[in-house]
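Okay, query-v5.pdb is below, PDB, C-alpha atoms and all ligand atoms:
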ATOM      1  CA  MET A  56     130.299 105.244 120.345  1.00  0.00           C
ATOM      2  CA  ILE A  57     126.621 105.660 119.552  1.00  0.00           C
ATOM      3  CA  PRO A  58     124.926 107.519 122.402  1.00  0.00           C
ATOM      4  CA  LEU A  59     121.434 106.364 121.380  1.00  0.00           C
ATOM      5  CA  MET A  60     121.989 102.668 121.855  1.00  0.00           C
ATOM      6  CA  ARG A  61     120.001 101.172 124.709  1.00  0.00           C
ATOM      7  CA  THR A  62     119.746  97.662 126.049  1.00  0.00           C
ATOM      8  CA  CYS A  63     116.403  95.904 126.291  1.00  0.00           C
ATOM      9  CA  LYS A  64     116.540  96.308 130.035  1.00  0.00           C
ATOM     10  CA  GLU A  65     116.984 100.061 129.733  1.00  0.00           C
ATOM     11  CA  VAL A  66     114.239 100.292 127.131  1.00  0.00           C
ATOM     12  CA  THR A  67     111.701  98.444 129.240  1.00  0.00           C
ATOM     13  CA  ALA A  68     112.545 100.777 132.112  1.00  0.00           C
ATOM     14  CA  LEU A  69     111.987 103.748 129.801  1.00  0.00           C
ATOM     15  CA  VAL A  70     108.652 102.379 128.611  1.00  0.00           C
ATOM     16  CA  ILE A  71     107.489 102.091 132.192  1.00  0.00           C
ATOM     17  CA  ALA A  72     108.915 105.476 133.197  1.00  0.00           C
ATOM     18  CA  ARG A  73     107.121 107.045 130.252  1.00  0.00           C
ATOM     19  CA  GLU A  74     103.836 106.105 131.871  1.00  0.00           C
ATOM     20  CA  ASP A  75     104.138 108.796 134.504  1.00  0.00           C
ATOM     21  CA  GLN A  76     106.591 111.265 133.053  1.00  0.00           C
ATOM     22  CA  THR A  77     107.610 112.777 129.774  1.00  0.00           C
ATOM     23  CA  LEU A  78     110.935 111.436 128.657  1.00  0.00           C
ATOM     24  CA  PRO A  79     113.721 113.717 127.495  1.00  0.00           C
ATOM     25  CA  LEU A  80     113.840 113.998 123.726  1.00  0.00           C
ATOM     26  CA  LEU A  81     117.065 112.035 123.567  1.00  0.00           C
ATOM     27  CA  GLU A  82     115.510 109.141 125.457  1.00  0.00           C
ATOM     28  CA  GLN A  83     112.432 109.187 123.243  1.00  0.00           C
ATOM     29  CA  LEU A  84     114.714 108.972 120.254  1.00  0.00           C
ATOM     30  CA  ALA A  85     116.723 106.152 121.772  1.00  0.00           C
ATOM     31  CA  LEU A  86     113.489 104.351 122.563  1.00  0.00           C
ATOM     32  CA  ARG A  87     112.267 104.605 118.991  1.00  0.00           C
ATOM     33  CA  LEU A  88     115.594 103.522 117.620  1.00  0.00           C
ATOM     34  CA  HIS A  89     115.630 100.458 119.805  1.00  0.00           C
ATOM     35  CA  MET A  90     112.033  99.620 118.939  1.00  0.00           C
ATOM     36  CA  ALA A  91     113.031  99.642 115.280  1.00  0.00           C
ATOM     37  CA  ILE A  92     115.788  97.095 115.704  1.00  0.00           C
ATOM     38  CA  CYS A  93     114.423  94.943 118.505  1.00  0.00           C
ATOM     39  CA  ALA A  94     111.757  92.259 118.275  1.00  0.00           C
ATOM     40  CA  ALA A  95     110.913  91.855 121.934  1.00  0.00           C
ATOM     41  CA  CYS A  96     110.575  95.432 123.158  1.00  0.00           C
ATOM     42  CA  PRO A  97     107.741  96.487 120.816  1.00  0.00           C
ATOM     43  CA  LYS A  98     105.745  93.548 122.153  1.00  0.00           C
ATOM     44  CA  PHE A  99     106.464  94.641 125.677  1.00  0.00           C
ATOM     45  CA  GLU A 100     105.470  98.203 124.818  1.00  0.00           C
ATOM     46  CA  ARG A 101     102.190  96.943 123.382  1.00  0.00           C
ATOM     47  CA  GLN A 102     101.483  95.048 126.563  1.00  0.00           C
ATOM     48  CA  VAL A 103     102.112  98.149 128.633  1.00  0.00           C
ATOM     49  CA  LEU A 104      99.840 100.215 126.398  1.00  0.00           C
ATOM     50  CA  THR A 105      97.119  97.583 126.546  1.00  0.00           C
ATOM     51  CA  MET A 106      97.384  97.474 130.289  1.00  0.00           C
ATOM     52  CA  ARG A 107      97.250 101.257 130.508  1.00  0.00           C
ATOM     53  CA  ASN A 108      94.121 101.375 128.348  1.00  0.00           C
ATOM     54  CA  ALA A 109      92.507  98.735 130.480  1.00  0.00           C
ATOM     55  CA  MET A 110      93.347 100.709 133.589  1.00  0.00           C
ATOM     56  CA  GLN A 111      91.892 103.883 132.097  1.00  0.00           C
ATOM     57  CA  GLN A 112      88.708 102.104 131.116  1.00  0.00           C
ATOM     58  CA  TRP A 113      88.475 100.641 134.576  1.00  0.00           C
ATOM     59  CA  ARG A 114      88.979 104.084 136.112  1.00  0.00           C
ATOM     60  CA  ASN A 115      86.316 105.574 133.863  1.00  0.00           C
ATOM     61  CA  TYR A 116      84.024 102.778 134.822  1.00  0.00           C
ATOM     62  CA  GLN A 117      84.706 103.446 138.486  1.00  0.00           C
ATOM     63  CA  ASN A 118      83.949 107.138 138.023  1.00  0.00           C
ATOM     64  CA  GLU A 119      80.682 106.556 136.216  1.00  0.00           C
ATOM     65  CA  ASP A 120      77.963 105.298 138.441  1.00  0.00           C
ATOM     66  CA  GLU A 121      75.354 106.224 135.901  1.00  0.00           C
ATOM     67  CA  VAL A 122      75.018 104.233 132.750  1.00  0.00           C
ATOM     68  CA  SER A 123      76.624 105.942 129.798  1.00  0.00           C
ATOM     69  CA  ASP A 124      75.512 105.509 126.205  1.00  0.00           C
ATOM     70  CA  GLN A 125      77.281 102.168 126.168  1.00  0.00           C
ATOM     71  CA  LYS A 126      74.923  99.292 126.701  1.00  0.00           C
ATOM     72  CA  PRO A 127      75.678  97.194 129.742  1.00  0.00           C
ATOM     73  CA  SER A 128      76.219  93.706 128.427  1.00  0.00           C
ATOM     74  CA  GLY A 129      75.266  91.755 131.497  1.00  0.00           C
ATOM     75  CA  SER A 130      71.968  93.399 132.312  1.00  0.00           C
ATOM     76  CA  THR A 131      69.088  90.981 132.471  1.00  0.00           C
ATOM     77  CA  SER A 132      66.530  93.231 134.100  1.00  0.00           C
ATOM     78  CA  ARG A 133      63.520  93.991 131.936  1.00  0.00           C
ATOM     79  CA  SER A 134      60.808  96.452 132.673  1.00  0.00           C
TER
HETATM   80 ZN    ZN B 201     114.818  95.334 123.081  1.00  0.00          ZN
END

Mind converting the file's structure to structure tokens?
Amino acid sequence: MIPLMRTCKEVTALVIAREDQTLPLLEQLALRLHMAICAACPKFERQVLTMRNAMQQWRNYQNEDEVSDQKPSGSTSRS
């Protein structure tokens, strides 16, 4: 009846798929609709986003051998 209804299982799959590809507009809409009515999936989405941010920070860290303007917290060496 309603083409935009998705199950939690489908939505979690979409959230993960969205990480490496742009979803069709219809799927994005279905995702948003489900997020609005579901309690569990927004939490899952937040976890995925948090994990993605952590991965990006880790990758940036891996790419930067030189110290950026962020202070290294664990440095004990004094000169
Ligand atoms: Zn759900």

Explicit residues for the PyMOL selection byres (((chain A and resi 58) around 12) and not hetatm) (as a PyMOL selection string):
chain A and resi 56-57+59-62+81-82+84-86+88-89

- What's the 12 Å shell around Glu74 (chain A), counting only C-alpha atoms, without same-chain residues fewer than 2 positions away, as a PyMOL selection string? chain A and resi 67-72+76-78+100+103-104+106-108+110

For CA of Gln112 (chain A) and CA of Ala91 (chain A), determine how far apart the two atoms are, in Å to one decimal place.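 CA of Ala91 (chain A) lies at a distance of 29.1 Å from CA of Gln112 (chain A).
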
Selected by the PyMOL selection byres (((not hetatm)) within 7 of (chain B and resi 201)) in the shown coordinates: which residues, as a ChimeraX atom specification?
/A:62-63,66,89-90,93-96

To one decimal place in Å, what is the distance between CA of Asn118 (chain A) and CA of Phe99 (chain A)?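 Spanning CA of Asn118 (chain A) to CA of Phe99 (chain A) is a straight-line distance of 28.6 Å.
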
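Taking CA of Lys98 (chain A) as the reference point, CA of Tyr116 (chain A) is found at 26.8 Å.
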